[in-house]
$ cat start.cif   # mmCIF, C-alpha atoms
data_query
loop_
_atom_site.group_PDB
_atom_site.id
_atom_site.type_symbol
_atom_site.label_atom_id
_atom_site.label_comp_id
_atom_site.auth_asym_id
_atom_site.auth_seq_id
_atom_site.Cartn_x
_atom_site.Cartn_y
_atom_site.Cartn_z
ATOM 1 C CA MET F 1 2.441 78.691 -78.656
ATOM 2 C CA VAL F 2 5.190 78.262 -76.095
ATOM 3 C CA GLU F 3 2.943 79.721 -73.366
ATOM 4 C CA ASN F 4 0.104 77.338 -74.339
ATOM 5 C CA ALA F 5 2.464 74.369 -74.198
ATOM 6 C CA LEU F 6 3.707 75.413 -70.750
ATOM 7 C CA ALA F 7 0.110 75.847 -69.539
ATOM 8 C CA ILE F 8 -0.806 72.387 -70.817
ATOM 9 C CA ARG F 9 2.225 70.868 -69.077
ATOM 10 C CA ARG F 10 1.268 72.572 -65.830
ATOM 11 C CA ARG F 11 -2.261 71.240 -66.073
ATOM 12 C CA HIS F 12 -0.982 67.716 -66.697
ATOM 13 C CA LYS F 13 1.451 68.087 -63.792
ATOM 14 C CA ASP F 14 -1.304 69.362 -61.478
ATOM 15 C CA LYS F 15 -3.573 66.471 -62.487
ATOM 16 C CA ALA F 16 -0.774 63.963 -61.898
ATOM 17 C CA ILE F 17 -0.096 65.413 -58.429
ATOM 18 C CA LYS F 18 -3.814 65.411 -57.650
ATOM 19 C CA TRP F 19 -4.378 61.806 -58.730
ATOM 20 C CA GLY F 20 -1.143 60.721 -57.046
ATOM 21 C CA GLY F 21 -2.272 62.315 -53.787
ATOM 22 C CA LEU F 22 -5.692 60.676 -54.030
ATOM 23 C CA PHE F 23 -4.055 57.308 -54.683
ATOM 24 C CA VAL F 24 -1.855 57.635 -51.575
ATOM 25 C CA ILE F 25 -4.849 58.699 -49.451
ATOM 26 C CA PHE F 26 -7.007 55.792 -50.632
ATOM 27 C CA LEU F 27 -4.114 53.369 -50.141
ATOM 28 C CA ILE F 28 -3.667 54.539 -46.530
ATOM 29 C CA LEU F 29 -7.427 54.289 -45.913
ATOM 30 C CA ILE F 30 -7.475 50.750 -47.320
ATOM 31 C CA LEU F 31 -4.532 49.685 -45.147
ATOM 32 C CA MET F 32 -6.254 51.210 -42.101
ATOM 33 C CA TYR F 33 -9.815 49.981 -42.544
ATOM 34 C CA VAL F 34 -9.613 46.662 -44.414
ATOM 35 C CA PRO F 35 -8.262 44.792 -41.326
ATOM 36 C CA ILE F 36 -11.066 46.330 -39.240
ATOM 37 C CA LEU F 37 -13.689 45.310 -41.793
ATOM 38 C CA VAL F 38 -12.272 41.776 -41.876
ATOM 39 C CA LEU F 39 -12.427 41.636 -38.086
ATOM 40 C CA ILE F 40 -16.047 42.831 -38.160
ATOM 41 C CA ALA F 41 -16.954 40.242 -40.787
ATOM 42 C CA TYR F 42 -15.424 37.385 -38.773
ATOM 43 C CA SER F 43 -17.232 38.513 -35.633
ATOM 44 C CA PHE F 44 -20.298 36.882 -37.181
ATOM 45 C CA THR F 45 -18.785 33.406 -37.247
ATOM 46 C CA THR F 46 -17.734 31.121 -34.397
ATOM 47 C CA ALA F 47 -14.417 30.039 -35.960
ATOM 48 C CA THR F 48 -11.457 30.281 -33.603
ATOM 49 C CA ASN F 49 -9.081 31.649 -36.221
ATOM 50 C CA VAL F 50 -9.691 34.491 -38.651
ATOM 51 C CA GLY F 51 -9.743 33.047 -42.166
ATOM 52 C CA THR F 52 -11.976 30.108 -41.346
ATOM 53 C CA TRP F 53 -15.717 30.590 -41.916
ATOM 54 C CA THR F 54 -18.066 28.225 -40.118
ATOM 55 C CA GLY F 55 -21.333 29.951 -40.975
ATOM 56 C CA PHE F 56 -23.083 33.203 -40.133
ATOM 57 C CA SER F 57 -24.271 33.571 -36.533
ATOM 58 C CA PHE F 58 -24.534 35.967 -33.586
ATOM 59 C CA ASP F 59 -23.182 33.379 -31.144
ATOM 60 C CA LEU F 60 -20.016 35.340 -30.387
ATOM 61 C CA TYR F 61 -22.065 38.346 -29.279
ATOM 62 C CA SER F 62 -24.221 36.268 -26.948
ATOM 63 C CA ALA F 63 -21.147 34.433 -25.623
ATOM 64 C CA LEU F 64 -19.363 37.753 -25.099
ATOM 65 C CA PHE F 65 -21.776 38.963 -22.429
ATOM 66 C CA LYS F 66 -21.658 35.571 -20.682
ATOM 67 C CA ASP F 67 -17.848 35.566 -20.420
ATOM 68 C CA GLU F 68 -17.144 36.800 -16.861
ATOM 69 C CA GLU F 69 -13.426 37.262 -17.491
ATOM 70 C CA ILE F 70 -13.933 39.568 -20.465
ATOM 71 C CA MET F 71 -16.771 41.454 -18.773
ATOM 72 C CA THR F 72 -14.631 42.011 -15.680
ATOM 73 C CA ALA F 73 -11.737 43.317 -17.790
ATOM 74 C CA LEU F 74 -14.134 45.521 -19.750
ATOM 75 C CA GLY F 75 -15.622 46.939 -16.550
ATOM 76 C CA ASN F 76 -12.162 47.616 -15.121
ATOM 77 C CA THR F 77 -11.124 49.326 -18.363
ATOM 78 C CA ILE F 78 -14.201 51.580 -18.481
ATOM 79 C CA ILE F 79 -14.003 52.578 -14.799
ATOM 80 C CA LEU F 80 -10.289 53.305 -15.087
ATOM 81 C CA ALA F 81 -10.682 55.275 -18.333
ATOM 82 C CA LEU F 82 -13.545 57.443 -17.065
ATOM 83 C CA SER F 83 -12.019 58.159 -13.651
ATOM 84 C CA SER F 84 -8.512 58.912 -14.952
ATOM 85 C CA SER F 85 -9.908 61.059 -17.778
ATOM 86 C CA ALA F 86 -12.078 63.085 -15.391
ATOM 87 C CA ILE F 87 -9.123 63.757 -13.073
ATOM 88 C CA SER F 88 -6.859 64.563 -16.034
ATOM 89 C CA VAL F 89 -9.399 67.043 -17.428
ATOM 90 C CA VAL F 90 -9.694 68.866 -14.092
ATOM 91 C CA LEU F 91 -5.931 69.025 -13.522
ATOM 92 C CA GLY F 92 -5.021 69.661 -17.170
ATOM 93 C CA THR F 93 -7.607 72.433 -17.612
ATOM 94 C CA SER F 94 -6.609 74.067 -14.325
ATOM 95 C CA GLY F 95 -2.953 73.892 -15.301
ATOM 96 C CA ALA F 96 -3.594 75.324 -18.763
ATOM 97 C CA ILE F 97 -5.621 78.231 -17.366
ATOM 98 C CA GLY F 98 -3.037 78.881 -14.656
ATOM 99 C CA ALA F 99 -0.181 78.818 -17.178
ATOM 100 C CA PHE F 100 -2.108 81.070 -19.570
ATOM 101 C CA TYR F 101 -2.493 83.798 -16.934
ATOM 102 C CA SER F 102 1.017 83.344 -15.504
ATOM 103 C CA LYS F 103 4.142 85.321 -16.325
ATOM 104 C CA LYS F 104 6.196 84.339 -19.367
ATOM 105 C CA ARG F 105 8.954 82.538 -17.457
ATOM 106 C CA MET F 106 6.519 80.528 -15.376
ATOM 107 C CA ARG F 107 4.451 79.693 -18.460
ATOM 108 C CA ALA F 108 7.541 78.518 -20.361
ATOM 109 C CA ALA F 109 8.619 76.338 -17.427
ATOM 110 C CA ILE F 110 5.161 74.752 -17.112
ATOM 111 C CA GLU F 111 4.944 74.066 -20.843
ATOM 112 C CA THR F 112 8.411 72.500 -20.885
ATOM 113 C CA VAL F 113 7.612 70.197 -17.960
ATOM 114 C CA THR F 114 4.262 69.276 -19.537
ATOM 115 C CA GLN F 115 5.758 68.369 -22.904
ATOM 116 C CA ILE F 116 8.384 65.992 -21.484
ATOM 117 C CA PRO F 117 5.928 63.076 -20.883
ATOM 118 C CA VAL F 118 4.532 63.547 -24.405
ATOM 119 C CA VAL F 119 7.878 63.021 -26.157
ATOM 120 C CA ASN F 120 9.236 60.608 -23.548
ATOM 121 C CA ALA F 121 9.060 56.859 -24.101
ATOM 122 C CA GLU F 122 6.146 55.226 -22.284
ATOM 123 C CA ILE F 123 8.399 52.516 -20.881
ATOM 124 C CA VAL F 124 10.435 55.228 -19.110
ATOM 125 C CA ILE F 125 7.272 56.618 -17.495
ATOM 126 C CA ALA F 126 6.179 53.129 -16.437
ATOM 127 C CA MET F 127 9.581 52.228 -14.978
ATOM 128 C CA SER F 128 9.904 55.518 -13.106
ATOM 129 C CA LEU F 129 6.432 55.117 -11.611
ATOM 130 C CA THR F 130 7.258 51.559 -10.555
ATOM 131 C CA VAL F 131 10.475 52.664 -8.838
ATOM 132 C CA MET F 132 8.607 55.476 -7.058
ATOM 133 C CA PHE F 133 5.812 53.179 -5.832
ATOM 134 C CA VAL F 134 8.320 50.560 -4.625
ATOM 135 C CA PHE F 135 10.287 53.260 -2.778
ATOM 136 C CA VAL F 136 7.126 54.669 -1.156
ATOM 137 C CA GLY F 137 5.919 51.208 -0.169
ATOM 138 C CA THR F 138 9.305 50.209 1.264
ATOM 139 C CA TYR F 139 10.343 53.307 3.179
ATOM 140 C CA ILE F 140 7.080 55.139 3.944
ATOM 141 C CA PHE F 141 4.608 52.267 4.358
ATOM 142 C CA MET F 142 7.203 49.995 6.003
ATOM 143 C CA GLY F 143 7.582 47.339 3.341
ATOM 144 C CA SER F 144 3.941 47.221 2.250
ATOM 145 C CA ASN F 145 2.905 46.454 -1.313
ATOM 146 C CA ILE F 146 0.996 49.570 -2.351
ATOM 147 C CA PHE F 147 0.276 48.478 -5.926
ATOM 148 C CA SER F 148 -3.487 48.697 -6.370
ATOM 149 C CA PHE F 149 -6.157 50.540 -8.308
ATOM 150 C CA TRP F 150 -4.823 53.829 -6.950
ATOM 151 C CA THR F 151 -1.316 53.325 -8.331
ATOM 152 C CA LEU F 152 -2.852 52.320 -11.649
ATOM 153 C CA LEU F 153 -5.054 55.422 -11.593
ATOM 154 C CA ILE F 154 -2.056 57.666 -10.889
ATOM 155 C CA GLY F 155 -0.194 56.089 -13.807
ATOM 156 C CA HIS F 156 -3.050 56.719 -16.247
ATOM 157 C CA VAL F 157 -3.533 60.287 -15.028
ATOM 158 C CA ILE F 158 0.171 61.031 -15.550
ATOM 159 C CA LEU F 159 -0.037 59.453 -19.010
ATOM 160 C CA SER F 160 -3.049 61.482 -20.229
ATOM 161 C CA LEU F 161 -2.646 64.761 -18.313
ATOM 162 C CA PRO F 162 -0.162 66.401 -20.756
ATOM 163 C CA PHE F 163 -2.440 65.644 -23.711
ATOM 164 C CA VAL F 164 -5.382 67.345 -21.991
ATOM 165 C CA TYR F 165 -3.179 70.371 -21.349
ATOM 166 C CA LEU F 166 -2.139 70.491 -25.005
ATOM 167 C CA SER F 167 -5.798 70.209 -26.110
ATOM 168 C CA VAL F 168 -6.973 73.094 -23.909
ATOM 169 C CA LYS F 169 -4.018 75.413 -24.562
ATOM 170 C CA PRO F 170 -4.909 76.313 -28.222
ATOM 171 C CA LYS F 171 -8.445 77.305 -27.201
ATOM 172 C CA LEU F 172 -7.034 79.628 -24.553
ATOM 173 C CA LEU F 173 -4.734 81.204 -27.139
ATOM 174 C CA GLN F 174 -7.717 81.763 -29.460
ATOM 175 C CA MET F 175 -9.709 83.407 -26.667
ATOM 176 C CA ASP F 176 -9.588 87.155 -26.126
ATOM 177 C CA PRO F 177 -7.659 87.567 -22.830
ATOM 178 C CA ALA F 178 -9.571 90.772 -22.081
ATOM 179 C CA ILE F 179 -12.861 88.853 -21.644
ATOM 180 C CA TYR F 180 -11.893 87.646 -18.187
ATOM 181 C CA GLU F 181 -10.875 91.129 -17.013
ATOM 182 C CA ALA F 182 -14.090 92.553 -18.485
ATOM 183 C CA ALA F 183 -16.161 90.050 -16.487
ATOM 184 C CA LEU F 184 -14.337 91.066 -13.316
ATOM 185 C CA ASP F 185 -14.946 94.750 -14.071
ATOM 186 C CA LEU F 186 -18.664 94.039 -14.493
ATOM 187 C CA GLY F 187 -18.879 92.622 -10.975
ATOM 188 C CA CYS F 188 -18.224 88.909 -11.388
ATOM 189 C CA SER F 189 -16.127 87.107 -8.807
ATOM 190 C CA GLN F 190 -13.064 85.231 -10.030
ATOM 191 C CA GLY F 191 -14.828 81.862 -9.789
ATOM 192 C CA LYS F 192 -17.948 83.133 -11.546
ATOM 193 C CA ALA F 193 -15.922 84.783 -14.311
ATOM 194 C CA LEU F 194 -14.023 81.540 -14.809
ATOM 195 C CA GLY F 195 -17.208 79.461 -14.976
ATOM 196 C CA LYS F 196 -19.326 81.865 -17.026
ATOM 197 C CA VAL F 197 -16.724 83.281 -19.414
ATOM 198 C CA VAL F 198 -13.529 81.252 -19.683
ATOM 199 C CA LEU F 199 -14.816 77.667 -19.490
ATOM 200 C CA PRO F 200 -17.498 78.079 -22.219
ATOM 201 C CA GLU F 201 -14.843 79.513 -24.547
ATOM 202 C CA ILE F 202 -12.479 76.574 -24.073
ATOM 203 C CA MET F 203 -15.118 73.827 -23.794
ATOM 204 C CA PRO F 204 -14.296 72.307 -27.247
ATOM 205 C CA GLY F 205 -10.684 71.861 -26.102
ATOM 206 C CA ILE F 206 -11.821 70.329 -22.819
ATOM 207 C CA GLY F 207 -14.069 67.898 -24.698
ATOM 208 C CA SER F 208 -11.254 66.944 -27.082
ATOM 209 C CA GLY F 209 -8.887 66.428 -24.166
ATOM 210 C CA PHE F 210 -11.411 64.237 -22.362
ATOM 211 C CA LEU F 211 -11.941 62.012 -25.415
ATOM 212 C CA LEU F 212 -8.192 61.816 -26.031
ATOM 213 C CA ALA F 213 -7.581 60.863 -22.400
ATOM 214 C CA ILE F 214 -10.183 58.086 -22.640
ATOM 215 C CA THR F 215 -8.566 56.784 -25.822
ATOM 216 C CA LEU F 216 -5.101 56.762 -24.247
ATOM 217 C CA SER F 217 -6.389 54.935 -21.174
ATOM 218 C CA LEU F 218 -8.290 52.338 -23.203
ATOM 219 C CA ASP F 219 -5.260 51.610 -25.400
ATOM 220 C CA ASP F 220 -2.569 51.602 -22.731
ATOM 221 C CA PHE F 221 -0.726 48.422 -21.852
ATOM 222 C CA ILE F 222 2.780 49.328 -20.630
ATOM 223 C CA VAL F 223 1.831 51.676 -17.775
ATOM 224 C CA THR F 224 -1.030 49.346 -16.816
ATOM 225 C CA ALA F 225 1.219 46.287 -16.687
ATOM 226 C CA PHE F 226 3.792 48.060 -14.476
ATOM 227 C CA THR F 227 1.477 49.873 -12.023
ATOM 228 C CA ARG F 228 -1.542 47.599 -11.524
ATOM 229 C CA GLY F 229 -2.414 45.669 -8.394
ATOM 230 C CA ALA F 230 -5.481 44.093 -6.822
ATOM 231 C CA GLY F 231 -8.796 45.921 -6.778
ATOM 232 C CA LEU F 232 -11.801 47.109 -8.763
ATOM 233 C CA LEU F 233 -14.009 44.359 -10.208
ATOM 234 C CA SER F 234 -11.151 41.849 -9.962
ATOM 235 C CA GLY F 235 -11.402 41.835 -6.164
ATOM 236 C CA GLU F 236 -8.300 40.383 -4.547
ATOM 237 C CA LYS F 237 -6.854 39.364 -7.919
ATOM 238 C CA THR F 238 -4.579 41.583 -9.989
ATOM 239 C CA ILE F 239 -6.563 44.045 -12.075
ATOM 240 C CA ASP F 240 -6.976 43.009 -15.680
ATOM 241 C CA THR F 241 -7.889 45.482 -18.412
ATOM 242 C CA LEU F 242 -8.674 44.538 -21.997
ATOM 243 C CA SER F 243 -5.080 45.110 -23.093
ATOM 244 C CA THR F 244 -3.539 42.988 -20.332
ATOM 245 C CA LEU F 245 -6.191 40.278 -20.797
ATOM 246 C CA VAL F 246 -5.478 39.980 -24.533
ATOM 247 C CA GLN F 247 -1.731 39.853 -23.859
ATOM 248 C CA ALA F 248 -2.239 37.075 -21.290
ATOM 249 C CA LYS F 249 -4.440 35.108 -23.689
ATOM 250 C CA ILE F 250 -1.920 35.402 -26.523
ATOM 251 C CA LYS F 251 0.727 33.769 -24.302
ATOM 252 C CA LYS F 252 -1.476 30.705 -23.817
ATOM 253 C CA GLY F 253 -2.943 30.435 -27.316
ATOM 254 C CA PRO F 254 -5.158 32.272 -29.813
ATOM 255 C CA VAL F 255 -7.145 35.336 -28.823
ATOM 256 C CA PRO F 256 -10.683 34.357 -27.694
ATOM 257 C CA PRO F 257 -13.083 34.740 -30.648
ATOM 258 C CA GLU F 258 -15.441 36.724 -28.389
ATOM 259 C CA MET F 259 -12.891 39.555 -28.520
ATOM 260 C CA ARG F 260 -13.771 40.031 -32.194
ATOM 261 C CA ALA F 261 -17.339 40.812 -31.198
ATOM 262 C CA LEU F 262 -16.162 43.185 -28.478
ATOM 263 C CA THR F 263 -13.825 45.096 -30.792
ATOM 264 C CA THR F 264 -16.643 45.392 -33.337
ATOM 265 C CA LEU F 265 -18.949 46.923 -30.734
ATOM 266 C CA ILE F 266 -16.209 49.330 -29.617
ATOM 267 C CA PHE F 267 -15.546 50.377 -33.216
ATOM 268 C CA LEU F 268 -19.244 50.995 -33.894
ATOM 269 C CA LEU F 269 -19.573 53.001 -30.668
ATOM 270 C CA VAL F 270 -16.593 55.187 -31.573
ATOM 271 C CA LEU F 271 -17.982 55.628 -35.091
ATOM 272 C CA LEU F 272 -21.341 56.790 -33.723
ATOM 273 C CA ILE F 273 -19.607 59.249 -31.375
ATOM 274 C CA VAL F 274 -17.534 60.700 -34.225
ATOM 275 C CA ILE F 275 -20.602 61.039 -36.458
ATOM 276 C CA GLY F 276 -22.543 62.674 -33.606
ATOM 277 C CA ILE F 277 -19.756 65.173 -32.902
ATOM 278 C CA THR F 278 -19.450 65.987 -36.617
ATOM 279 C CA ILE F 279 -23.195 66.598 -36.953
ATOM 280 C CA TYR F 280 -23.194 68.745 -33.802
ATOM 281 C CA ASN F 281 -20.271 70.861 -35.050
ATOM 282 C CA ASN F 282 -21.906 71.303 -38.469
ATOM 283 C CA VAL F 283 -25.214 72.402 -36.926
ATOM 284 C CA LYS F 284 -23.385 74.769 -34.587
ATOM 285 C CA ALA F 285 -21.384 76.246 -37.485
ATOM 286 C CA LYS F 286 -24.567 76.792 -39.531
ATOM 287 C CA LYS F 287 -26.250 78.554 -36.599
ATOM 288 C CA ALA F 288 -23.195 80.773 -36.121
ATOM 289 C CA ALA F 289 -23.184 81.604 -39.847
ATOM 290 C CA LYS F 290 -26.880 82.533 -39.738
ATOM 291 C CA LEU F 291 -26.343 84.792 -36.730
ATOM 292 C CA SER F 292 -23.423 86.550 -38.446
ATOM 293 C CA ARG F 293 -25.548 87.105 -41.579
ATOM 294 C CA ARG F 294 -28.368 88.600 -39.520
ATOM 295 C CA LYS F 295 -25.935 90.993 -37.846
ATOM 296 C CA LEU F 296 -24.672 92.091 -41.238
#
$ encode --input "start.cif" --output "structure tokens"
Amino acid sequence: MVENALAIRRRHKDKAIKWGGLFVIFLILILMYVPILVLIAYSFTTATNVGTWTGFSFDLYSALFKDEEIMTALGNTIILALSSSAISVVLGTSGAIGAFYSKKRMRAAIETVTQIPVVNAEIVIAMSLTVMFVFVGTYIFMGSNIFSFWTLLIGHVILSLPFVYLSVKPKLLQMDPAIYEAALDLGCSQGKALGKVVLPEIMPGIGSGFLLAITLSLDDFIVTAFTRGAGLLSGEKTIDTLSTLVQAKIKKGPVPPEMRALTTLIFLLVLLIVIGITIYNNVKAKKAAKLSRRKL
């Protein structure tokens, strides 16, 4: 009887923990996605402020693509995100591979240096970059203002590079280190062994690092505000990205209602990418399971 009572108590306790965990999860999901759903809903009305409904329409979406200021900021943001992410992937992947095949002391030093920007405050990175660019412009370029697209690009690469490294590193640790030596023994050159053996093994980490770098670049405001100059689609004006444009608009008044339509399109695009990646991974896992069953 005592054992039955203890078993019943354990079951009730397990159920309580289970339902409590589900409640917390659903609460977090509601807090995360309800504001997004509200924003999406109000992208189909022309009201200036969220909370006021003036009727269903697609006017904000048509006005969005006619707004030159927003389109210029969007173009600058996309160009900057893609270019900085591509450079970060090349440098981060090269660094991760080099550290993986280095000696223990060198590997530890590289990993320590790489992790500092991750845990460091972004304002510190932005300020240090600003001081460095001012010093270079003053003493090397004889008082010239070197702030431009290139300084902004350097800032975004420095911001996202450590995260690419950390995304590629686990895939290298999961890989059999003898594969590379085996490829060399079979007659492959170092470059061919790297391209045919190592890179395919770590490609999921490279893809994750690339997407993470794009996300960091799209979201960044502090480094952008401190390192930007004239260039890109802005011409001789200071480069505006979506984050700096929204911040400038908030100073003057409410955020333009067209931004609600833009954020909705960005959210739907990200959602489609996530669904596509999930489907691809599931199909790949099923194929791998079938191949393993055939071998057995």
$ atom_distance --input "start.cif" --atom1 "atom CA of Ser43 of chain F" --atom2 "atom CA of Val24 of chain F"
29.3 Å
$ closest_atom_pairs --input "start.cif" --of "segment 154-265 of chain F" --to "segment 127-150 of chain F" --cutoff "6 Å" --atoms "all atoms listed in the file" --output "Markdown table"
| residue | atom | partner | partner_atom | distance |
| --- | --- | --- | --- | --- |
| F:Arg228 | CA | F:Ser148 | CA | 5.6 |
| F:Gly229 | CA | F:Ser148 | CA | 3.8 |
| F:Ala230 | CA | F:Ser148 | CA | 5.0 |
| F:Gly231 | CA | F:Phe149 | CA | 5.5 |
$ residues_around --input "start.cif" --residues "segment 108-121 of chain F" --least-positions-apart "3" --cutoff "6 Å" --atoms "all atoms listed in the file" --output "PyMOL selection string"
chain F and resi 105+124+162
$ closest_residue --input "start.cif" --among "F:Ile8, F:Ile273, F:Val198, F:Leu152" --to "Leu184 of chain F" --atoms "all atoms listed in the file"
F:Val198
$ residues_around --input "start.cif" --residues "segment 201-214 of chain F" --least-positions-apart "6" --cutoff "9 Å" --atoms "only C-alpha atoms" --output "ChimeraX atom specification"
/F:78,80-82,84-86,88-89,92-93,156-157,159-161,163-172,174-175
$ axis_aligned_box --input "start.cif" --around "segment 7-11 of chain F" --padding-each-side "3 Å" --output "JSON"
{"center_x": 0.0, "center_y": 73.4, "center_z": -68.3, "size_x": 10.5, "size_y": 11.0, "size_z": 11.0}
$ resolve_selection --input "start.cif" --expression "the PyMOL selection byres ((chain F and resi 27-40) around 9)" --output "MDAnalysis selection string"
chainID F and resid 22:26 41:44 50 260:261 263:265 267
$ resolve_selection --input "start.cif" --expression "the PyMOL selection byres ((chain F and resi 64-76) around 8)" --output "VMD selection string"
chain F and resid 60 to 63 77 to 80 232 to 234 239 to 242 245 258 to 259 261 to 262
$ atom_distance --input "start.cif" --atom1 "atom CA of Pro256 of chain F" --atom2 "atom CA of Gly235 of chain F"
22.8 Å
$ atom_distance --input "start.cif" --atom1 "atom CA of Ala126 of chain F" --atom2 "atom CA of Ala225 of chain F"
8.5 Å
$ residues_around --input "start.cif" --residues "segment 186-196 of chain F" --least-positions-apart "4" --cutoff "12 Å" --atoms "all atoms listed in the file" --output "list of chain:residue names"
F:Thr93, F:Ser94, F:Ile97, F:Gly98, F:Tyr101, F:Pro177, F:Ala178, F:Ile179, F:Tyr180, F:Glu181, F:Ala182, F:Pro200, F:Glu201, F:Ile202, F:Met203
$ closest_residue --input "start.cif" --among "F:Asp185, F:Thr52, F:Leu153, F:Glu122" --to "Ser83 of chain F" --atoms "all atoms listed in the file"
F:Leu153
$ build_atoms --input "start.cif" --residues "segment 65-79 of chain F" --atoms "N, CA, C and O atoms" --output "tab-separated table (two decimals), in the coordinates of the input"
chain	number	residue	atom	x	y	z
F	65	PHE	N	-21.19	38.43	-23.66
F	65	PHE	CA	-21.78	38.96	-22.43
F	65	PHE	C	-21.92	37.90	-21.34
F	65	PHE	O	-22.25	38.23	-20.20
F	66	LYS	N	-21.65	36.64	-21.68
F	66	LYS	CA	-21.66	35.57	-20.68
F	66	LYS	C	-20.26	35.26	-20.16
F	66	LYS	O	-20.12	34.51	-19.19
F	67	ASP	N	-19.23	35.82	-20.82
F	67	ASP	CA	-17.85	35.57	-20.42
F	67	ASP	C	-17.49	36.51	-19.26
F	67	ASP	O	-17.28	37.71	-19.46
F	68	GLU	N	-17.40	35.98	-18.05
F	68	GLU	CA	-17.14	36.80	-16.86
F	68	GLU	C	-15.76	37.45	-16.91
F	68	GLU	O	-15.58	38.59	-16.46
F	69	GLU	N	-14.79	36.74	-17.45
F	69	GLU	CA	-13.43	37.26	-17.49
F	69	GLU	C	-13.34	38.50	-18.38
F	69	GLU	O	-12.75	39.52	-17.99
F	70	ILE	N	-13.95	38.43	-19.56
F	70	ILE	CA	-13.93	39.57	-20.46
F	70	ILE	C	-14.76	40.71	-19.91
F	70	ILE	O	-14.36	41.89	-19.98
F	71	MET	N	-15.92	40.41	-19.33
F	71	MET	CA	-16.77	41.45	-18.77
F	71	MET	C	-16.09	42.16	-17.60
F	71	MET	O	-16.22	43.37	-17.42
F	72	THR	N	-15.36	41.40	-16.79
F	72	THR	CA	-14.63	42.01	-15.68
F	72	THR	C	-13.54	42.93	-16.20
F	72	THR	O	-13.38	44.07	-15.71
F	73	ALA	N	-12.79	42.48	-17.20
F	73	ALA	CA	-11.74	43.32	-17.79
F	73	ALA	C	-12.33	44.55	-18.45
F	73	ALA	O	-11.78	45.66	-18.35
F	74	LEU	N	-13.47	44.38	-19.11
F	74	LEU	CA	-14.13	45.52	-19.75
F	74	LEU	C	-14.59	46.54	-18.70
F	74	LEU	O	-14.41	47.75	-18.87
F	75	GLY	N	-15.19	46.04	-17.62
F	75	GLY	CA	-15.62	46.94	-16.55
F	75	GLY	C	-14.46	47.68	-15.92
F	75	GLY	O	-14.53	48.90	-15.68
F	76	ASN	N	-13.36	46.97	-15.67
F	76	ASN	CA	-12.16	47.62	-15.12
F	76	ASN	C	-11.64	48.70	-16.07
F	76	ASN	O	-11.26	49.79	-15.63
F	77	THR	N	-11.63	48.39	-17.36
F	77	THR	CA	-11.12	49.33	-18.36
F	77	THR	C	-11.97	50.58	-18.41
F	77	THR	O	-11.45	51.71	-18.46
F	78	ILE	N	-13.30	50.42	-18.39
F	78	ILE	CA	-14.20	51.58	-18.48
F	78	ILE	C	-14.09	52.44	-17.22
F	78	ILE	O	-14.00	53.68	-17.31
F	79	ILE	N	-14.11	51.81	-16.05
F	79	ILE	CA	-14.00	52.58	-14.80
F	79	ILE	C	-12.69	53.34	-14.75
F	79	ILE	O	-12.64	54.53	-14.39
